[in-house]
$ cat model-v7.cif   # mmCIF, C-alpha atoms and all ligand atoms
data_data
loop_
_atom_site.label_atom_id
_atom_site.label_comp_id
_atom_site.auth_asym_id
_atom_site.auth_seq_id
_atom_site.Cartn_x
_atom_site.Cartn_y
_atom_site.Cartn_z
CA MET A 1 -90.15 3.12 -14.22
CA ARG A 2 -87.42 5.69 -14.95
CA VAL A 3 -83.76 5.13 -14.25
CA VAL A 4 -80.93 7.63 -14.76
CA LEU A 5 -77.17 7.14 -14.59
CA ARG A 6 -74.87 9.53 -12.72
CA PHE A 7 -71.10 9.16 -12.78
CA ASP A 8 -67.87 10.52 -11.38
CA THR A 9 -65.91 12.44 -14.01
CA ASP A 10 -63.21 9.74 -14.41
CA TYR A 11 -65.90 7.31 -15.58
CA GLN A 12 -67.52 9.30 -18.38
CA LEU A 13 -66.67 6.87 -21.17
CA GLU A 14 -67.87 3.77 -19.30
CA ALA A 15 -70.97 5.67 -18.14
CA GLU A 16 -71.91 6.68 -21.67
CA THR A 17 -71.45 3.14 -22.98
CA LEU A 18 -73.53 1.70 -20.15
CA ALA A 19 -76.29 4.33 -20.50
CA LYS A 20 -76.46 3.60 -24.22
CA SER A 21 -76.79 -0.14 -23.67
CA LEU A 22 -79.49 0.38 -21.02
CA GLN A 23 -81.14 3.16 -23.06
CA ILE A 24 -81.26 5.48 -20.06
CA PRO A 25 -80.15 9.12 -19.74
CA VAL A 26 -76.91 10.19 -18.09
CA VAL A 27 -77.09 13.13 -15.72
CA SER A 28 -74.23 15.14 -14.35
CA SER A 29 -75.84 16.61 -11.25
CA GLU A 30 -78.29 15.66 -8.51
CA LEU A 31 -80.45 18.64 -9.49
CA HIS A 32 -81.69 16.66 -12.46
CA LEU A 33 -82.93 13.90 -10.26
CA ARG A 34 -85.93 15.40 -8.63
CA THR A 35 -88.62 14.97 -11.26
CA GLY A 36 -90.18 11.78 -12.55
CA VAL A 37 -87.17 9.54 -11.82
CA ASP A 38 -87.54 6.37 -9.73
CA PHE A 39 -83.99 5.03 -9.57
CA GLU A 40 -80.47 6.39 -9.90
CA LEU A 41 -77.51 4.29 -10.97
CA LEU A 42 -74.18 5.67 -9.81
CA LEU A 43 -70.87 4.75 -11.41
CA ASN A 44 -67.70 5.68 -9.51
CA HIS A 45 -64.48 4.17 -8.15
CA THR A 46 -66.49 1.72 -6.00
CA GLY A 47 -68.29 0.34 -9.05
CA LEU A 48 -71.97 0.50 -9.94
CA SER A 49 -74.73 0.99 -7.37
CA LEU A 50 -78.44 1.70 -7.50
CA SER A 51 -80.53 3.94 -5.25
CA GLU A 52 -84.24 4.38 -5.14
CA LEU A 53 -85.21 8.02 -5.14
CA PRO A 54 -87.55 9.46 -2.51
CA GLY A 55 -91.32 9.46 -2.63
CA LYS A 56 -91.73 7.01 -5.50
CA ARG A 57 -92.95 4.01 -3.58
CA ASP A 58 -95.26 4.07 -0.60
CA ASP A 59 -94.80 0.89 1.41
CA SER A 60 -95.84 2.55 4.68
CA GLN A 61 -98.91 1.35 6.54
CA PRO A 62 -102.18 3.14 5.71
CA GLY A 63 -102.83 6.16 7.94
CA LYS A 64 -99.29 6.14 9.34
CA GLN A 65 -97.47 9.47 9.02
CA LYS A 66 -94.26 9.39 7.02
CA ASN A 67 -91.20 10.45 8.97
CA LYS A 68 -88.27 12.53 7.76
CA GLU A 69 -86.33 9.39 6.82
CA SER A 70 -88.71 8.63 3.97
CA ASN A 71 -87.64 11.88 2.26
CA LYS A 72 -84.03 10.74 2.01
CA VAL A 73 -82.56 8.61 -0.73
CA LYS A 74 -82.94 5.02 0.46
CA THR A 75 -80.10 2.59 0.93
CA ASP A 76 -78.33 1.58 -2.26
CA ILE A 77 -77.89 -1.90 -3.67
CA ARG A 78 -74.89 -3.26 -5.49
CA CYS A 79 -73.45 -6.62 -6.37
CA ASP A 80 -70.66 -7.21 -3.90
CA PHE A 81 -68.78 -10.48 -4.05
CA ILE A 82 -65.57 -9.29 -2.40
CA SER A 83 -66.55 -7.81 0.93
CA GLY A 84 -69.33 -7.90 3.49
CA GLU A 85 -71.74 -10.77 3.91
CA LEU A 86 -70.61 -12.95 0.99
CA ARG A 87 -66.92 -12.71 1.87
CA HIS A 88 -67.73 -13.59 5.47
CA ARG A 89 -69.81 -16.55 4.33
CA ARG A 90 -67.01 -17.76 2.02
CA LEU A 91 -64.39 -17.57 4.78
CA TYR A 92 -66.38 -18.61 7.84
CA GLY A 93 -69.73 -19.93 6.50
CA GLY A 94 -71.36 -23.30 7.11
CA GLY A 95 -69.27 -25.22 4.56
CA LYS A 96 -70.80 -28.31 3.00
CA ASN A 97 -73.67 -28.34 5.48
CA GLN A 98 -75.31 -25.30 3.92
CA MET A 99 -78.82 -26.21 2.79
CA ILE A 100 -78.27 -24.82 -0.70
CA LEU A 101 -75.28 -27.16 -1.17
CA LYS A 102 -77.17 -30.22 0.07
CA ALA A 103 -80.15 -29.35 -2.15
CA THR A 104 -78.00 -28.97 -5.27
CA GLY A 105 -75.84 -32.03 -4.46
CA LEU A 106 -72.72 -29.91 -4.10
CA ASN A 107 -71.99 -31.41 -0.70
CA LYS A 108 -70.97 -34.63 -2.50
CA HIS A 109 -70.56 -33.84 -6.23
CA LYS A 110 -69.42 -31.02 -8.50
CA PRO A 111 -72.40 -30.56 -10.83
CA SER A 112 -72.62 -27.84 -13.45
CA ILE A 113 -75.48 -25.50 -12.60
CA MET A 114 -77.71 -23.10 -14.50
CA ASP A 115 -79.24 -20.40 -12.33
CA LEU A 116 -82.24 -19.21 -14.37
CA THR A 117 -83.08 -16.33 -12.00
CA ALA A 118 -79.70 -14.93 -10.98
CA GLY A 119 -80.69 -11.55 -9.46
CA LEU A 120 -77.60 -10.08 -7.78
CA GLY A 121 -75.89 -13.47 -7.99
CA ARG A 122 -75.60 -14.22 -4.27
CA ASP A 123 -76.77 -17.84 -4.55
CA SER A 124 -74.72 -18.40 -7.71
CA TYR A 125 -71.65 -17.09 -5.90
CA VAL A 126 -72.20 -19.51 -3.01
CA LEU A 127 -72.57 -22.38 -5.51
CA ALA A 128 -69.43 -21.35 -7.42
CA THR A 129 -67.52 -20.99 -4.15
CA ALA A 130 -68.35 -24.64 -3.44
CA GLY A 131 -66.83 -25.59 -6.80
CA ALA A 132 -69.74 -25.54 -9.27
CA ARG A 133 -69.48 -24.02 -12.72
CA VAL A 134 -72.53 -21.72 -12.78
CA THR A 135 -74.24 -20.17 -15.79
CA MET A 136 -76.40 -17.26 -14.66
CA PHE A 137 -79.36 -15.72 -16.45
CA GLU A 138 -80.76 -12.32 -15.54
CA ARG A 139 -83.39 -10.51 -17.61
CA GLN A 140 -83.87 -7.22 -15.73
CA PRO A 141 -81.33 -5.01 -17.55
CA VAL A 142 -80.37 -2.85 -14.54
CA VAL A 143 -79.96 -5.91 -12.29
CA ALA A 144 -77.91 -7.60 -15.04
CA ALA A 145 -75.68 -4.49 -15.25
CA LEU A 146 -75.14 -4.56 -11.46
CA LEU A 147 -74.31 -8.27 -11.66
CA ALA A 148 -71.87 -7.77 -14.55
CA ASP A 149 -70.18 -5.02 -12.52
CA GLY A 150 -69.89 -7.30 -9.47
CA LEU A 151 -68.33 -10.01 -11.63
CA ARG A 152 -65.88 -7.53 -13.17
CA ARG A 153 -64.73 -6.43 -9.72
CA LEU A 154 -64.45 -10.04 -8.53
CA ARG A 155 -62.22 -10.81 -11.54
CA SER A 156 -59.91 -7.93 -10.73
CA ALA A 157 -59.82 -8.44 -6.96
CA GLY A 158 -56.32 -9.88 -7.20
CA ASP A 159 -56.95 -12.86 -4.93
CA GLU A 160 -56.35 -16.30 -6.47
CA GLN A 161 -59.33 -17.94 -4.82
CA GLU A 162 -61.64 -15.12 -5.90
CA LEU A 163 -60.29 -15.29 -9.45
CA ALA A 164 -61.00 -19.05 -9.55
CA ILE A 165 -64.58 -18.43 -8.36
CA ALA A 166 -65.05 -15.70 -10.98
CA GLN A 167 -63.84 -18.09 -13.69
CA ARG A 168 -66.58 -20.53 -12.73
CA LEU A 169 -69.29 -17.88 -13.13
CA SER A 170 -70.73 -16.73 -16.45
CA LEU A 171 -73.62 -14.40 -17.18
CA HIS A 172 -76.28 -14.35 -19.88
CA LYS A 173 -78.22 -11.10 -19.97
CA GLY A 174 -81.71 -12.04 -21.06
CA ASP A 175 -84.80 -14.07 -20.31
CA SER A 176 -83.96 -17.69 -19.49
CA LEU A 177 -87.36 -18.77 -20.78
CA ASN A 178 -86.18 -17.67 -24.23
CA CYS A 179 -82.41 -18.33 -24.04
CA LEU A 180 -82.33 -21.70 -22.31
CA PRO A 181 -83.59 -24.00 -25.08
CA ALA A 182 -80.90 -22.85 -27.56
CA LEU A 183 -78.14 -22.82 -24.95
CA ALA A 184 -79.07 -26.24 -23.57
CA GLU A 185 -78.48 -27.78 -27.01
CA ARG A 186 -74.81 -26.77 -26.75
CA GLU A 187 -74.26 -27.06 -23.03
CA ALA A 188 -76.14 -29.44 -20.70
CA ALA A 189 -76.78 -28.50 -17.08
CA ASP A 190 -76.56 -31.10 -14.34
CA VAL A 191 -78.67 -29.00 -12.01
CA ILE A 192 -81.05 -26.12 -12.68
CA TYR A 193 -81.60 -23.64 -9.88
CA LEU A 194 -84.58 -21.28 -9.59
CA ASP A 195 -85.27 -18.45 -7.15
CA PRO A 196 -87.98 -16.25 -8.67
CA MET A 197 -89.41 -13.26 -6.81
CA PHE A 198 -92.18 -14.02 -4.39
CA PRO A 199 -94.62 -11.27 -3.32
CA GLU A 200 -93.40 -9.75 -0.01
CA ARG A 201 -96.25 -8.42 2.05
CA GLY A 202 -96.94 -6.55 5.30
CA LYS A 203 -94.35 -6.89 8.01
CA ALA A 204 -91.81 -8.76 5.90
CA ALA A 205 -91.65 -5.89 3.41
CA LYS A 206 -91.09 -3.39 6.23
CA VAL A 207 -88.35 -5.43 7.89
CA LYS A 208 -86.30 -5.86 4.73
CA LYS A 209 -86.23 -2.45 3.08
CA SER A 210 -83.57 -3.31 0.53
CA MET A 211 -85.64 -6.35 -0.49
CA ALA A 212 -88.76 -4.18 -0.98
CA PHE A 213 -86.72 -1.77 -3.07
CA PHE A 214 -85.39 -4.62 -5.21
CA HIS A 215 -88.96 -5.84 -5.56
CA HIS A 216 -90.07 -2.44 -6.83
CA LEU A 217 -87.40 -2.61 -9.52
CA VAL A 218 -87.97 -6.19 -10.64
CA GLY A 219 -91.69 -6.79 -10.05
CA ASN A 220 -93.32 -10.10 -9.18
CA ASP A 221 -91.95 -12.51 -11.82
CA ASP A 222 -95.56 -13.44 -12.59
CA ASP A 223 -94.45 -15.91 -15.27
CA SER A 224 -92.23 -17.89 -12.88
CA ALA A 225 -94.40 -21.04 -12.95
CA ALA A 226 -93.35 -21.53 -16.59
CA LEU A 227 -89.72 -21.94 -15.52
CA LEU A 228 -90.27 -25.22 -13.71
CA PRO A 229 -91.45 -27.40 -16.64
CA LEU A 230 -88.69 -25.93 -18.80
CA ALA A 231 -86.12 -26.68 -16.10
CA LEU A 232 -87.43 -30.23 -15.62
CA ALA A 233 -87.19 -30.87 -19.34
CA THR A 234 -83.62 -29.54 -19.48
CA ALA A 235 -81.71 -30.52 -16.33
CA ARG A 236 -79.75 -33.77 -16.26
CA TYR A 237 -80.00 -34.68 -12.57
CA ARG A 238 -82.25 -32.33 -10.62
CA VAL A 239 -84.06 -29.01 -10.34
CA VAL A 240 -83.89 -26.98 -7.14
CA VAL A 241 -86.33 -24.17 -6.30
CA LYS A 242 -85.78 -21.69 -3.47
CA ARG A 243 -89.00 -20.53 -1.80
CA PRO A 244 -90.01 -18.59 1.27
CA ARG A 245 -90.60 -21.23 3.94
CA HIS A 246 -94.41 -21.07 3.97
CA ALA A 247 -94.96 -20.38 0.26
CA PRO A 248 -96.74 -22.93 -1.91
CA PRO A 249 -94.43 -24.89 -4.23
CA LEU A 250 -93.65 -23.30 -7.58
CA ALA A 251 -96.27 -24.16 -10.23
CA ASP A 252 -98.09 -26.07 -7.43
CA LEU A 253 -95.81 -29.01 -8.17
CA LYS A 254 -94.96 -30.91 -5.00
CA PRO A 255 -91.22 -31.61 -4.66
CA SER A 256 -89.88 -35.05 -3.68
CA LEU A 257 -87.51 -33.57 -1.14
CA CYS A 258 -87.32 -30.36 0.93
CA PHE A 259 -84.60 -28.65 2.93
CA GLU A 260 -86.20 -26.23 5.35
CA GLY A 261 -84.57 -23.35 7.20
CA LYS A 262 -85.97 -20.57 9.39
CA SER A 263 -87.33 -18.45 6.57
CA THR A 264 -86.35 -20.27 3.39
CA ARG A 265 -86.93 -23.67 1.89
CA PHE A 266 -85.24 -25.52 -0.98
CA ASP A 267 -87.58 -27.77 -2.96
CA VAL A 268 -85.78 -30.54 -4.82
CA TYR A 269 -87.11 -32.28 -7.95
CA PRO A 270 -84.74 -35.21 -8.64
CA LEU A 271 -84.63 -36.60 -12.19
CA LYS A 272 -81.76 -39.07 -12.01
CA LYS A 273 -79.29 -40.19 -9.33
CA MET A 274 -76.24 -37.95 -9.41
CA ALA A 275 -73.08 -39.72 -10.50
C1 LIG A 301 -85.36 -13.26 -6.08
S1 LIG A 301 -84.29 -12.68 -7.35
C2 LIG A 301 -82.98 -13.86 -7.31
C3 LIG A 301 -82.01 -13.63 -6.21
C4 LIG A 301 -80.77 -14.51 -6.36
N1 LIG A 301 -81.06 -15.91 -6.14
C5 LIG A 301 -79.65 -14.06 -5.46
O1 LIG A 301 -79.15 -14.89 -4.70
O2 LIG A 301 -79.21 -12.89 -5.56
C6 LIG A 301 -85.09 -13.14 -8.84
C7 LIG A 301 -84.40 -12.61 -10.09
O3 LIG A 301 -84.74 -13.44 -11.17
C8 LIG A 301 -84.89 -12.67 -12.32
N2 LIG A 301 -85.74 -13.44 -13.26
C9 LIG A 301 -87.00 -13.88 -13.06
N3 LIG A 301 -87.45 -14.59 -14.10
C10 LIG A 301 -86.44 -14.61 -14.99
C11 LIG A 301 -86.26 -15.19 -16.28
N4 LIG A 301 -87.26 -15.88 -16.87
N5 LIG A 301 -85.09 -15.03 -16.92
C12 LIG A 301 -84.07 -14.33 -16.34
N6 LIG A 301 -84.18 -13.73 -15.12
C13 LIG A 301 -85.34 -13.88 -14.45
C14 LIG A 301 -85.54 -11.39 -11.82
O4 LIG A 301 -85.32 -10.31 -12.72
C15 LIG A 301 -84.83 -11.20 -10.48
O5 LIG A 301 -83.68 -10.39 -10.62
#
$ encode --input "model-v7.cif" --output "structure tokens" --more "lines below"
Ligand SMILES: C[S@@+](CC[C@H](N)C(=O)[O-])C[C@H]1O[C@@H](n2cnc3c(N)ncnc32)[C@H](O)[C@@H]1O
Amino acid sequence: MRVVLRFDTDYQLEAETLAKSLQIPVVSSELHLRTGVDFELLLNHTGLSLSELPGKRDDSQPGKQKNKESNKVKTDIRCDFISGELRHRRLYGGGKNQMILKATGLNKHKPSIMDLTAGLGRDSYVLATAGARVTMFERQPVVAALLADGLRRLRSAGDEQELAIAQRLSLHKGDSLNCLPALAEREAADVIYLDPMFPERGKAAKVKKSMAFFHHLVGNDDDSAALLPLALATARYRVVVKRPRHAPPLADLKPSLCFEGKSTRFDVYPLKKMA
């Protein structure tokens, strides 16, 4: 998979530093983008975003003709904690009744949480908004860069509440399977939260294009079953796993408790009563 970084002229220094850390080339014009490149990162005044370039992934149905839309650059993804869906959820969302808060115990307590599969940090943000201190792990370097950019913008948003949420969020770039044992010796986690990728097939992949695009970047997290025993050996009070509603439990380990929504389920593995 090839990724390039394009930038607006005011951002040359930051772009070069980022490209060096990700070990990807910087390009100054779209003309460079046409051959052998799957994804383009763009750095400008709105922050960092990622687009998938045309023709690199065929998720159309067999025999179905591609329309003109498939030749355009697809929708971009970014980590956005200060506008759109997450802002709306923070201001007008379901409060303490949200399933993720009940599953993690945040409806009654203020546990510290480790999110071992942070992705673009949406779940971590919801947990931190409810008052949890959340340590996030993300191993896909481009996703981790998008997440770091989202956090940076949240910190500089200038709103006191947003600043307080940002201060409760920290990011470890790397594989939680490797980093957790050393970190857990210094810093215990009350709750460990897992949301590994789950293969999206058929209709679901067509409905959620941005999800399919994210999937192409990250892959299937085929080693995700190994996270559960590690989490169970590390968490103080409970482990929570987010799954698609009809998916089998992670590592085929039946949870003691489930919170089920329309498309998602939270499997809870309690270890000790939360104090
Ligand atoms: C489905 S996404 C998580 C979405 C996230 N819950 C959110 O709300 O944005 C799964 C993410 O976990 C990351 N991941 C999977 N296994 C990991 C591991 N062992 N260590 C760190 N990150 C991991 C993947 O790279 C991917 O970005």
$ residues_around --input "model-v7.cif" --residues "Asp221 (chain A)" --least-positions-apart "3" --cutoff "7 Å" --atoms "all atoms listed in the file" --output "list in words"
Pro196, Met197 and Ser224 of chain A
$ residues_near_ligand --input "model-v7.cif" --ligand "ligand LIG 301 (chain A)" --cutoff "8 Å" --atoms "all atoms listed in the file" --output "PyMOL selection string"
chain A and resi 115-125+137-140+143-144+173-178+194-198+218-219+221+223-224+227+242
$ atom_distance --input "model-v7.cif" --atom1 "CA of Asp10 (chain A)" --atom2 "CA of Leu171 (chain A)"
26.4 Å
$ residues_near_point --input "model-v7.cif" --point "(-74.5, -23.7, -17.6)" --cutoff "12 Å" --atoms "all atoms listed in the file" --output "VMD selection string"
chain A and resid 111 to 116 124 128 132 to 137 168 to 172 176 179 to 193 234 to 236
$ residues_near_point --input "model-v7.cif" --point "(-59.5, -2.4, -15.9)" --cutoff "12 Å" --atoms "only C-alpha atoms" --output "number ranges by chain"
A: 11, 14, 45, 47, 149, 152-158
$ residues_around --input "model-v7.cif" --residues "region 48-51 of chain A" --least-positions-apart "4" --cutoff "12 Å" --atoms "all atoms listed in the file" --output "PyMOL selection string"
chain A and resi 3-8+11+14-15+18+33+37-44+56+72-80+120+142-153+209-210+213-214+216-217
$ closest_residue --input "model-v7.cif" --among "A:Met274, A:Ala225, A:Ala251, A:Val27" --to "Tyr237 (chain A)" --atoms "all atoms listed in the file"
A:Met274
